[in-house]
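Source file: final.pdb (PDB, C-alpha atoms)
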ATOM      1  CA  MET B   1     -12.625 -67.452  22.860  1.00  0.00           C
ATOM      2  CA  ILE B   2     -11.651 -69.327  26.031  1.00  0.00           C
ATOM      3  CA  LEU B   3     -11.693 -68.623  29.752  1.00  0.00           C
ATOM      4  CA  LYS B   4      -8.841 -70.383  31.521  1.00  0.00           C
ATOM      5  CA  THR B   5      -7.064 -70.389  34.852  1.00  0.00           C
ATOM      6  CA  ALA B   6      -4.276 -67.828  34.809  1.00  0.00           C
ATOM      7  CA  ASP B   7      -0.800 -69.170  34.244  1.00  0.00           C
ATOM      8  CA  ASN B   8       2.660 -67.595  34.370  1.00  0.00           C
ATOM      9  CA  ASN B   9       2.174 -66.200  30.848  1.00  0.00           C
ATOM     10  CA  SER B  10      -1.030 -64.346  31.715  1.00  0.00           C
ATOM     11  CA  ILE B  11      -0.646 -63.284  35.352  1.00  0.00           C
ATOM     12  CA  GLU B  12       1.390 -60.133  34.599  1.00  0.00           C
ATOM     13  CA  LYS B  13      -1.126 -59.091  31.935  1.00  0.00           C
ATOM     14  CA  ILE B  14      -3.923 -59.669  34.439  1.00  0.00           C
ATOM     15  CA  LYS B  15      -2.161 -57.596  37.105  1.00  0.00           C
ATOM     16  CA  ASP B  16      -1.585 -54.761  34.641  1.00  0.00           C
ATOM     17  CA  LEU B  17      -5.223 -54.697  33.475  1.00  0.00           C
ATOM     18  CA  TYR B  18      -6.411 -54.982  37.086  1.00  0.00           C
ATOM     19  CA  LYS B  19      -4.474 -51.836  38.029  1.00  0.00           C
ATOM     20  CA  ARG B  20      -5.717 -49.923  34.985  1.00  0.00           C
ATOM     21  CA  ALA B  21      -9.364 -51.005  35.132  1.00  0.00           C
ATOM     22  CA  PHE B  22     -10.260 -50.565  38.799  1.00  0.00           C
ATOM     23  CA  PRO B  23      -9.937 -47.526  41.057  1.00  0.00           C
ATOM     24  CA  LEU B  24      -7.497 -47.887  43.936  1.00  0.00           C
ATOM     25  CA  ASN B  25     -10.242 -47.805  46.578  1.00  0.00           C
ATOM     26  CA  GLU B  26     -11.926 -50.837  44.948  1.00  0.00           C
ATOM     27  CA  ARG B  27      -8.769 -52.940  44.508  1.00  0.00           C
ATOM     28  CA  LYS B  28      -7.678 -55.565  46.968  1.00  0.00           C
ATOM     29  CA  PRO B  29      -3.910 -56.084  47.189  1.00  0.00           C
ATOM     30  CA  PHE B  30      -3.187 -58.574  44.415  1.00  0.00           C
ATOM     31  CA  HIS B  31      -1.250 -60.875  46.755  1.00  0.00           C
ATOM     32  CA  VAL B  32      -4.505 -61.310  48.751  1.00  0.00           C
ATOM     33  CA  ILE B  33      -6.279 -62.424  45.561  1.00  0.00           C
ATOM     34  CA  GLU B  34      -3.414 -64.795  44.723  1.00  0.00           C
ATOM     35  CA  ASN B  35      -3.429 -66.170  48.275  1.00  0.00           C
ATOM     36  CA  ASN B  36      -7.190 -66.829  48.082  1.00  0.00           C
ATOM     37  CA  ALA B  37      -6.721 -68.535  44.723  1.00  0.00           C
ATOM     38  CA  GLY B  38      -4.043 -70.744  46.265  1.00  0.00           C
ATOM     39  CA  LYS B  39      -6.507 -71.716  49.001  1.00  0.00           C
ATOM     40  CA  GLY B  40      -9.252 -72.500  46.464  1.00  0.00           C
ATOM     41  CA  LYS B  41     -11.415 -69.603  47.685  1.00  0.00           C
ATOM     42  CA  SER B  42     -11.154 -67.735  44.409  1.00  0.00           C
ATOM     43  CA  GLU B  43     -10.076 -68.116  40.817  1.00  0.00           C
ATOM     44  CA  ILE B  44      -7.943 -65.849  38.675  1.00  0.00           C
ATOM     45  CA  LEU B  45      -9.050 -66.399  35.094  1.00  0.00           C
ATOM     46  CA  ALA B  46      -7.790 -65.068  31.769  1.00  0.00           C
ATOM     47  CA  LEU B  47      -9.839 -64.487  28.631  1.00  0.00           C
ATOM     48  CA  TYR B  48      -8.006 -65.424  25.447  1.00  0.00           C
ATOM     49  CA  ASP B  49      -8.620 -65.684  21.769  1.00  0.00           C
ATOM     50  CA  ASP B  50      -5.329 -65.581  19.913  1.00  0.00           C
ATOM     51  CA  ARG B  51      -4.318 -62.855  22.402  1.00  0.00           C
ATOM     52  CA  PHE B  52      -5.070 -61.751  25.957  1.00  0.00           C
ATOM     53  CA  LEU B  53      -8.527 -60.125  26.080  1.00  0.00           C
ATOM     54  CA  GLY B  54      -9.423 -59.695  29.725  1.00  0.00           C
ATOM     55  CA  LEU B  55      -9.653 -60.940  33.261  1.00  0.00           C
ATOM     56  CA  VAL B  56     -12.198 -62.523  35.570  1.00  0.00           C
ATOM     57  CA  ILE B  57     -11.499 -62.894  39.278  1.00  0.00           C
ATOM     58  CA  THR B  58     -14.049 -64.777  41.341  1.00  0.00           C
ATOM     59  CA  ILE B  59     -14.710 -65.511  44.976  1.00  0.00           C
ATOM     60  CA  ASN B  60     -16.204 -68.977  45.440  1.00  0.00           C
ATOM     61  CA  TYR B  61     -18.121 -70.025  48.524  1.00  0.00           C
ATOM     62  CA  LYS B  62     -20.554 -72.901  48.930  1.00  0.00           C
ATOM     63  CA  ASP B  63     -22.959 -72.626  45.984  1.00  0.00           C
ATOM     64  CA  MET B  64     -22.128 -68.969  45.269  1.00  0.00           C
ATOM     65  CA  VAL B  65     -19.686 -67.331  42.898  1.00  0.00           C
ATOM     66  CA  LEU B  66     -19.038 -63.600  43.140  1.00  0.00           C
ATOM     67  CA  ILE B  67     -17.537 -62.132  39.989  1.00  0.00           C
ATOM     68  CA  ASP B  68     -15.270 -59.932  42.050  1.00  0.00           C
ATOM     69  CA  TYR B  69     -13.434 -58.311  39.124  1.00  0.00           C
ATOM     70  CA  PHE B  70     -14.248 -58.423  35.416  1.00  0.00           C
ATOM     71  CA  ALA B  71     -12.446 -56.322  32.818  1.00  0.00           C
ATOM     72  CA  ILE B  72     -11.840 -56.359  29.092  1.00  0.00           C
ATOM     73  CA  GLU B  73      -8.768 -54.734  27.529  1.00  0.00           C
ATOM     74  CA  ASP B  74      -9.614 -51.192  26.355  1.00  0.00           C
ATOM     75  CA  SER B  75      -8.612 -51.995  22.778  1.00  0.00           C
ATOM     76  CA  GLU B  76     -11.023 -54.949  22.700  1.00  0.00           C
ATOM     77  CA  ARG B  77     -14.157 -53.244  24.046  1.00  0.00           C
ATOM     78  CA  GLY B  78     -17.196 -52.849  21.838  1.00  0.00           C
ATOM     79  CA  ASN B  79     -16.562 -56.097  19.955  1.00  0.00           C
ATOM     80  CA  GLY B  80     -18.965 -58.311  21.904  1.00  0.00           C
ATOM     81  CA  ILE B  81     -16.162 -59.852  23.976  1.00  0.00           C
ATOM     82  CA  GLY B  82     -17.742 -58.884  27.309  1.00  0.00           C
ATOM     83  CA  SER B  83     -21.025 -60.554  26.334  1.00  0.00           C
ATOM     84  CA  LYS B  84     -19.231 -63.714  25.210  1.00  0.00           C
ATOM     85  CA  ALA B  85     -17.170 -63.698  28.409  1.00  0.00           C
ATOM     86  CA  LEU B  86     -20.299 -63.551  30.566  1.00  0.00           C
ATOM     87  CA  LYS B  87     -21.652 -66.620  28.747  1.00  0.00           C
ATOM     88  CA  LEU B  88     -18.372 -68.439  29.413  1.00  0.00           C
ATOM     89  CA  ILE B  89     -18.573 -67.507  33.094  1.00  0.00           C
ATOM     90  CA  ALA B  90     -22.147 -68.809  33.356  1.00  0.00           C
ATOM     91  CA  GLU B  91     -21.096 -72.036  31.595  1.00  0.00           C
ATOM     92  CA  ARG B  92     -18.119 -72.484  33.941  1.00  0.00           C
ATOM     93  CA  PHE B  93     -20.392 -72.405  37.011  1.00  0.00           C
ATOM     94  CA  PRO B  94     -23.655 -74.067  35.880  1.00  0.00           C
ATOM     95  CA  GLU B  95     -24.713 -75.258  39.345  1.00  0.00           C
ATOM     96  CA  LYS B  96     -23.736 -72.080  41.186  1.00  0.00           C
ATOM     97  CA  ARG B  97     -25.477 -68.816  41.999  1.00  0.00           C
ATOM     98  CA  VAL B  98     -23.330 -66.362  40.078  1.00  0.00           C
ATOM     99  CA  PHE B  99     -23.549 -62.670  40.918  1.00  0.00           C
ATOM    100  CA  LEU B 100     -21.579 -59.439  40.840  1.00  0.00           C
ATOM    101  CA  GLU B 101     -21.443 -55.944  42.278  1.00  0.00           C
ATOM    102  CA  ILE B 102     -21.750 -52.765  40.245  1.00  0.00           C
ATOM    103  CA  GLU B 103     -21.525 -49.171  41.356  1.00  0.00           C
ATOM    104  CA  LEU B 104     -25.012 -47.985  42.184  1.00  0.00           C
ATOM    105  CA  PRO B 105     -26.258 -45.448  39.616  1.00  0.00           C
ATOM    106  CA  ASP B 106     -26.251 -41.987  41.192  1.00  0.00           C
ATOM    107  CA  GLU B 107     -27.127 -38.839  39.272  1.00  0.00           C
ATOM    108  CA  ASN B 108     -24.674 -36.915  41.485  1.00  0.00           C
ATOM    109  CA  ALA B 109     -21.728 -39.195  40.631  1.00  0.00           C
ATOM    110  CA  ASP B 110     -19.141 -37.939  38.145  1.00  0.00           C
ATOM    111  CA  ASN B 111     -19.273 -41.284  36.329  1.00  0.00           C
ATOM    112  CA  ASN B 112     -23.035 -41.835  36.418  1.00  0.00           C
ATOM    113  CA  VAL B 113     -23.261 -42.265  32.632  1.00  0.00           C
ATOM    114  CA  GLN B 114     -20.682 -45.057  32.885  1.00  0.00           C
ATOM    115  CA  ARG B 115     -22.579 -46.615  35.808  1.00  0.00           C
ATOM    116  CA  LEU B 116     -25.834 -46.595  33.828  1.00  0.00           C
ATOM    117  CA  ARG B 117     -24.161 -48.090  30.742  1.00  0.00           C
ATOM    118  CA  ARG B 118     -22.545 -50.796  32.824  1.00  0.00           C
ATOM    119  CA  LYS B 119     -25.853 -51.741  34.445  1.00  0.00           C
ATOM    120  CA  ASP B 120     -27.607 -51.781  31.062  1.00  0.00           C
ATOM    121  CA  PHE B 121     -24.849 -54.039  29.668  1.00  0.00           C
ATOM    122  CA  TYR B 122     -25.267 -56.574  32.469  1.00  0.00           C
ATOM    123  CA  LEU B 123     -29.072 -56.544  32.277  1.00  0.00           C
ATOM    124  CA  ARG B 124     -28.915 -57.069  28.476  1.00  0.00           C
ATOM    125  CA  ASN B 125     -26.647 -60.044  29.121  1.00  0.00           C
ATOM    126  CA  GLY B 126     -29.003 -61.914  31.418  1.00  0.00           C
ATOM    127  CA  LEU B 127     -28.204 -60.631  34.887  1.00  0.00           C
ATOM    128  CA  LYS B 128     -31.107 -59.512  37.039  1.00  0.00           C
ATOM    129  CA  GLU B 129     -31.519 -56.984  39.800  1.00  0.00           C
ATOM    130  CA  THR B 130     -31.537 -58.550  43.258  1.00  0.00           C
ATOM    131  CA  GLY B 131     -32.807 -55.486  45.091  1.00  0.00           C
ATOM    132  CA  ILE B 132     -29.750 -55.676  47.358  1.00  0.00           C
ATOM    133  CA  HIS B 133     -27.829 -52.411  47.637  1.00  0.00           C
ATOM    134  CA  VAL B 134     -24.691 -52.409  49.761  1.00  0.00           C
ATOM    135  CA  ASN B 135     -21.800 -50.234  50.755  1.00  0.00           C
ATOM    136  CA  VAL B 136     -18.514 -52.104  50.496  1.00  0.00           C
ATOM    137  CA  TYR B 137     -15.057 -50.495  50.600  1.00  0.00           C
ATOM    138  CA  HIS B 138     -16.781 -47.118  50.948  1.00  0.00           C
ATOM    139  CA  THR B 139     -18.573 -47.556  47.610  1.00  0.00           C
ATOM    140  CA  ASP B 140     -22.337 -47.905  47.115  1.00  0.00           C
ATOM    141  CA  MET B 141     -22.969 -51.036  45.091  1.00  0.00           C
ATOM    142  CA  GLU B 142     -25.877 -52.982  43.690  1.00  0.00           C
ATOM    143  CA  LEU B 143     -25.869 -56.778  43.396  1.00  0.00           C
ATOM    144  CA  LEU B 144     -26.928 -58.352  40.100  1.00  0.00           C
ATOM    145  CA  SER B 145     -27.377 -62.104  39.676  1.00  0.00           C
ATOM    146  CA  PHE B 146     -27.503 -64.582  36.785  1.00  0.00           C
ATOM    147  CA  THR B 147     -29.591 -67.143  38.583  1.00  0.00           C
ATOM    148  CA  SER B 148     -31.271 -67.552  41.920  1.00  0.00           C
ATOM    149  CA  PRO B 149     -30.720 -64.505  44.067  1.00  0.00           C
ATOM    150  CA  ILE B 150     -28.620 -64.501  47.177  1.00  0.00           C
ATOM    151  CA  THR B 151     -29.442 -62.892  50.476  1.00  0.00           C
ATOM    152  CA  PHE B 152     -27.489 -60.088  52.092  1.00  0.00           C
ATOM    153  CA  ASP B 153     -26.453 -62.436  54.916  1.00  0.00           C
ATOM    154  CA  GLU B 154     -25.083 -64.958  52.405  1.00  0.00           C
ATOM    155  CA  TYR B 155     -23.172 -62.163  50.678  1.00  0.00           C
ATOM    156  CA  VAL B 156     -21.555 -61.106  53.975  1.00  0.00           C
ATOM    157  CA  GLU B 157     -20.794 -64.763  54.785  1.00  0.00           C
ATOM    158  CA  LEU B 158     -18.988 -65.110  51.429  1.00  0.00           C
ATOM    159  CA  TYR B 159     -16.888 -62.006  52.155  1.00  0.00           C
ATOM    160  CA  LYS B 160     -16.111 -63.160  55.675  1.00  0.00           C
ATOM    161  CA  ASP B 161     -14.944 -66.555  54.404  1.00  0.00           C
ATOM    162  CA  ALA B 162     -12.800 -65.062  51.658  1.00  0.00           C
ATOM    163  CA  MET B 163     -11.363 -62.053  53.439  1.00  0.00           C
ATOM    164  CA  GLY B 164     -11.509 -62.942  57.119  1.00  0.00           C
ATOM    165  CA  GLU B 165     -12.868 -61.046  60.077  1.00  0.00           C
ATOM    166  CA  THR B 166      -9.709 -58.915  60.496  1.00  0.00           C
ATOM    167  CA  TRP B 167      -9.963 -57.667  56.910  1.00  0.00           C
ATOM    168  CA  LEU B 168     -13.625 -56.821  57.343  1.00  0.00           C
ATOM    169  CA  LYS B 169     -12.926 -54.899  60.543  1.00  0.00           C
ATOM    170  CA  HIS B 170     -10.169 -52.895  58.843  1.00  0.00           C
ATOM    171  CA  PHE B 171     -11.768 -52.231  55.444  1.00  0.00           C
ATOM    172  CA  GLY B 172     -15.401 -52.383  56.421  1.00  0.00           C
ATOM    173  CA  ARG B 173     -18.003 -55.079  56.472  1.00  0.00           C
ATOM    174  CA  PRO B 174     -20.528 -54.834  53.632  1.00  0.00           C
ATOM    175  CA  LYS B 175     -23.565 -52.873  54.823  1.00  0.00           C
ATOM    176  CA  LEU B 176     -27.094 -52.708  53.456  1.00  0.00           C
ATOM    177  CA  ILE B 177     -28.034 -49.267  52.192  1.00  0.00           C
TER     178      ILE B 177
END
Would you give me this structure, written as structure tokens?
Amino acid sequence: MILKTADNNSIEKIKDLYKRAFPLNERKPFHVIENNAGKGKSEILALYDDRFLGLVITINYKDMVLIDYFAIEDSERGNGIGSKALKLIAERFPEKRVFLEIELPDENADNNVQRLRRKDFYLRNGLKETGIHVNVYHTDMELLSFTSPITFDEYVELYKDAMGETWLKHFGRPKLI
């Protein structure tokens, strides 16, 4: 399995999976992601074996890498691909502090079982709790990290660099909860 920069052959597959895998309120307009990739602020990556398996979209800032979006094709789930993909991500950024956001488990949430499974998956695959809980895009999230933790201020700085102050004013600056 390989993790490679998206090309013309994979970008439509990535866009399709992106729309299917993430709720509308958590999706940035894809042209914003592409624009950031063009500026070197993010990467749009495709997971391949002999076929398209999934996507990884990162935001890169200083020594930090936020796994902004990570999804495996529905038909490929449960085959260990997600675990292998996380290893490839860690290998791609060996000198960086790699982290991600997950929906905060909440027993009142309709998808709490999914939230708990997702957290368990990431913890089994080497990520650690940071103790940082945020609200971003009107969603309560928890930050998990592979390596050295980040601070909340660094997290906000990464978002500000990637999205700009205007975006943050319109869609909401990440807040500690």
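Residue nearest Ile67 of chain B within the list B:Tyr137, B:Phe121, B:Phe146, B:Tyr48: B:Phe146 [criterion: smallest interatomic distance, only C-alpha atoms].
Closest approach to Asn79 of chain B from the set B:Leu53, B:Leu158, B:Glu91, B:Pro174 is made by B:Leu53, with distances taken over all atoms listed in the file.
Distance check against Val56 of chain B using only C-alpha atoms: of B:Leu24, B:Ala71, B:Leu123, B:Leu176, the minimum falls on B:Ala71.
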Let me have the centre and edge lengths in Å, one decimal, of the box along x, y and z around every listed atom of segment 133-145 of chain B with 5 Å of margin on each side, as AutoDock Vina command-line options.
--center_x -21.4 --center_y -54.6 --center_z 45.3 --size_x 22.8 --size_y 25.0 --size_z 21.3
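Each of B:Ile81, B:Ile132, B:Leu45, B:Ile72 was compared to Ala21 of chain B using only C-alpha atoms, and B:Ile72 turns out to be the nearest.
The list of residues within 6 Å of (-20.4, -47.5, 44.1), counted using all atoms listed in the file, is Glu103, Leu104, Thr139, Asp140 and Met141 of chain B.
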Can you take the partial segment 105-116 of chain B, add all heavy atoms, and return it as a PDB file, in the coordinates of the input?
ATOM      1  N   PRO B 105     -26.048 -46.700  40.352  1.00  0.00           N
ATOM      2  CA  PRO B 105     -26.258 -45.448  39.616  1.00  0.00           C
ATOM      3  C   PRO B 105     -26.627 -44.317  40.579  1.00  0.00           C
ATOM      4  O   PRO B 105     -27.371 -44.521  41.536  1.00  0.00           O
ATOM      5  CB  PRO B 105     -27.414 -45.790  38.672  1.00  0.00           C
ATOM      6  CG  PRO B 105     -27.266 -47.269  38.452  1.00  0.00           C
ATOM      7  CD  PRO B 105     -26.822 -47.798  39.790  1.00  0.00           C
ATOM      8  N   ASP B 106     -26.049 -43.146  40.327  1.00  0.00           N
ATOM      9  CA  ASP B 106     -26.251 -41.987  41.192  1.00  0.00           C
ATOM     10  C   ASP B 106     -26.091 -40.743  40.333  1.00  0.00           C
ATOM     11  O   ASP B 106     -24.995 -40.471  39.839  1.00  0.00           O
ATOM     12  CB  ASP B 106     -25.221 -42.012  42.321  1.00  0.00           C
ATOM     13  CG  ASP B 106     -25.278 -40.804  43.240  1.00  0.00           C
ATOM     14  OD1 ASP B 106     -26.070 -39.865  42.990  1.00  0.00           O
ATOM     15  OD2 ASP B 106     -24.501 -40.789  44.208  1.00  0.00           O
ATOM     16  N   GLU B 107     -27.184 -40.004  40.153  1.00  0.00           N
ATOM     17  CA  GLU B 107     -27.127 -38.839  39.272  1.00  0.00           C
ATOM     18  C   GLU B 107     -26.122 -37.786  39.733  1.00  0.00           C
ATOM     19  O   GLU B 107     -25.700 -36.939  38.948  1.00  0.00           O
ATOM     20  CB  GLU B 107     -28.509 -38.208  39.104  1.00  0.00           C
ATOM     21  CG  GLU B 107     -29.112 -37.683  40.386  1.00  0.00           C
ATOM     22  CD  GLU B 107     -30.547 -37.216  40.210  1.00  0.00           C
ATOM     23  OE1 GLU B 107     -31.276 -37.804  39.397  1.00  0.00           O
ATOM     24  OE2 GLU B 107     -30.920 -36.265  40.905  1.00  0.00           O
ATOM     25  N   ASN B 108     -25.674 -37.856  40.978  1.00  0.00           N
ATOM     26  CA  ASN B 108     -24.674 -36.915  41.485  1.00  0.00           C
ATOM     27  C   ASN B 108     -23.239 -37.400  41.288  1.00  0.00           C
ATOM     28  O   ASN B 108     -22.296 -36.663  41.563  1.00  0.00           O
ATOM     29  CB  ASN B 108     -24.914 -36.624  42.966  1.00  0.00           C
ATOM     30  CG  ASN B 108     -26.248 -35.934  43.194  1.00  0.00           C
ATOM     31  OD1 ASN B 108     -26.607 -35.022  42.463  1.00  0.00           O
ATOM     32  ND2 ASN B 108     -26.990 -36.389  44.184  1.00  0.00           N
ATOM     33  N   ALA B 109     -23.070 -38.638  40.832  1.00  0.00           N
ATOM     34  CA  ALA B 109     -21.728 -39.195  40.631  1.00  0.00           C
ATOM     35  C   ALA B 109     -21.129 -38.684  39.324  1.00  0.00           C
ATOM     36  O   ALA B 109     -21.835 -38.557  38.316  1.00  0.00           O
ATOM     37  CB  ALA B 109     -21.785 -40.717  40.614  1.00  0.00           C
ATOM     38  N   ASP B 110     -19.838 -38.412  39.343  1.00  0.00           N
ATOM     39  CA  ASP B 110     -19.141 -37.939  38.145  1.00  0.00           C
ATOM     40  C   ASP B 110     -19.217 -38.953  37.006  1.00  0.00           C
ATOM     41  O   ASP B 110     -19.210 -38.575  35.845  1.00  0.00           O
ATOM     42  CB  ASP B 110     -17.674 -37.643  38.448  1.00  0.00           C
ATOM     43  CG  ASP B 110     -17.493 -36.449  39.371  1.00  0.00           C
ATOM     44  OD1 ASP B 110     -18.417 -35.619  39.459  1.00  0.00           O
ATOM     45  OD2 ASP B 110     -16.419 -36.348  39.993  1.00  0.00           O
ATOM     46  N   ASN B 111     -19.267 -40.238  37.349  1.00  0.00           N
ATOM     47  CA  ASN B 111     -19.273 -41.284  36.329  1.00  0.00           C
ATOM     48  C   ASN B 111     -20.649 -41.958  36.201  1.00  0.00           C
ATOM     49  O   ASN B 111     -20.732 -43.125  35.850  1.00  0.00           O
ATOM     50  CB  ASN B 111     -18.203 -42.329  36.644  1.00  0.00           C
ATOM     51  CG  ASN B 111     -18.509 -43.137  37.892  1.00  0.00           C
ATOM     52  OD1 ASN B 111     -19.294 -42.725  38.753  1.00  0.00           O
ATOM     53  ND2 ASN B 111     -17.888 -44.301  38.000  1.00  0.00           N
ATOM     54  N   ASN B 112     -21.712 -41.221  36.447  1.00  0.00           N
ATOM     55  CA  ASN B 112     -23.035 -41.835  36.418  1.00  0.00           C
ATOM     56  C   ASN B 112     -23.388 -42.403  35.044  1.00  0.00           C
ATOM     57  O   ASN B 112     -24.019 -43.449  34.951  1.00  0.00           O
ATOM     58  CB  ASN B 112     -24.130 -40.861  36.880  1.00  0.00           C
ATOM     59  CG  ASN B 112     -25.425 -41.593  37.172  1.00  0.00           C
ATOM     60  OD1 ASN B 112     -25.430 -42.619  37.859  1.00  0.00           O
ATOM     61  ND2 ASN B 112     -26.520 -41.092  36.625  1.00  0.00           N
ATOM     62  N   VAL B 113     -22.979 -41.740  33.975  1.00  0.00           N
ATOM     63  CA  VAL B 113     -23.261 -42.265  32.632  1.00  0.00           C
ATOM     64  C   VAL B 113     -22.617 -43.641  32.476  1.00  0.00           C
ATOM     65  O   VAL B 113     -23.238 -44.579  31.972  1.00  0.00           O
ATOM     66  CB  VAL B 113     -22.770 -41.276  31.543  1.00  0.00           C
ATOM     67  CG1 VAL B 113     -22.840 -41.904  30.157  1.00  0.00           C
ATOM     68  CG2 VAL B 113     -23.592 -39.998  31.590  1.00  0.00           C
ATOM     69  N   GLN B 114     -21.378 -43.765  32.939  1.00  0.00           N
ATOM     70  CA  GLN B 114     -20.682 -45.057  32.885  1.00  0.00           C
ATOM     71  C   GLN B 114     -21.413 -46.096  33.741  1.00  0.00           C
ATOM     72  O   GLN B 114     -21.574 -47.245  33.335  1.00  0.00           O
ATOM     73  CB  GLN B 114     -19.239 -44.888  33.360  1.00  0.00           C
ATOM     74  CG  GLN B 114     -18.437 -46.170  33.340  1.00  0.00           C
ATOM     75  CD  GLN B 114     -17.060 -45.982  33.969  1.00  0.00           C
ATOM     76  OE1 GLN B 114     -16.938 -45.415  35.050  1.00  0.00           O
ATOM     77  NE2 GLN B 114     -16.044 -46.470  33.280  1.00  0.00           N
ATOM     78  N   ARG B 115     -21.855 -45.704  34.921  1.00  0.00           N
ATOM     79  CA  ARG B 115     -22.579 -46.615  35.808  1.00  0.00           C
ATOM     80  C   ARG B 115     -23.858 -47.111  35.146  1.00  0.00           C
ATOM     81  O   ARG B 115     -24.185 -48.302  35.226  1.00  0.00           O
ATOM     82  CB  ARG B 115     -22.927 -45.920  37.123  1.00  0.00           C
ATOM     83  CG  ARG B 115     -21.735 -45.602  37.997  1.00  0.00           C
ATOM     84  CD  ARG B 115     -22.159 -44.840  39.230  1.00  0.00           C
ATOM     85  NE  ARG B 115     -21.025 -44.424  40.019  1.00  0.00           N
ATOM     86  CZ  ARG B 115     -21.072 -44.205  41.327  1.00  0.00           C
ATOM     87  NH1 ARG B 115     -22.213 -44.331  41.976  1.00  0.00           N
ATOM     88  NH2 ARG B 115     -19.997 -43.839  41.982  1.00  0.00           N
ATOM     89  N   LEU B 116     -24.590 -46.216  34.498  1.00  0.00           N
ATOM     90  CA  LEU B 116     -25.834 -46.595  33.828  1.00  0.00           C
ATOM     91  C   LEU B 116     -25.564 -47.524  32.646  1.00  0.00           C
ATOM     92  O   LEU B 116     -26.281 -48.510  32.445  1.00  0.00           O
ATOM     93  CB  LEU B 116     -26.602 -45.351  33.377  1.00  0.00           C
ATOM     94  CG  LEU B 116     -27.195 -44.513  34.510  1.00  0.00           C
ATOM     95  CD1 LEU B 116     -27.649 -43.145  33.990  1.00  0.00           C
ATOM     96  CD2 LEU B 116     -28.350 -45.250  35.181  1.00  0.00           C
TER      97      LEU B 116
END
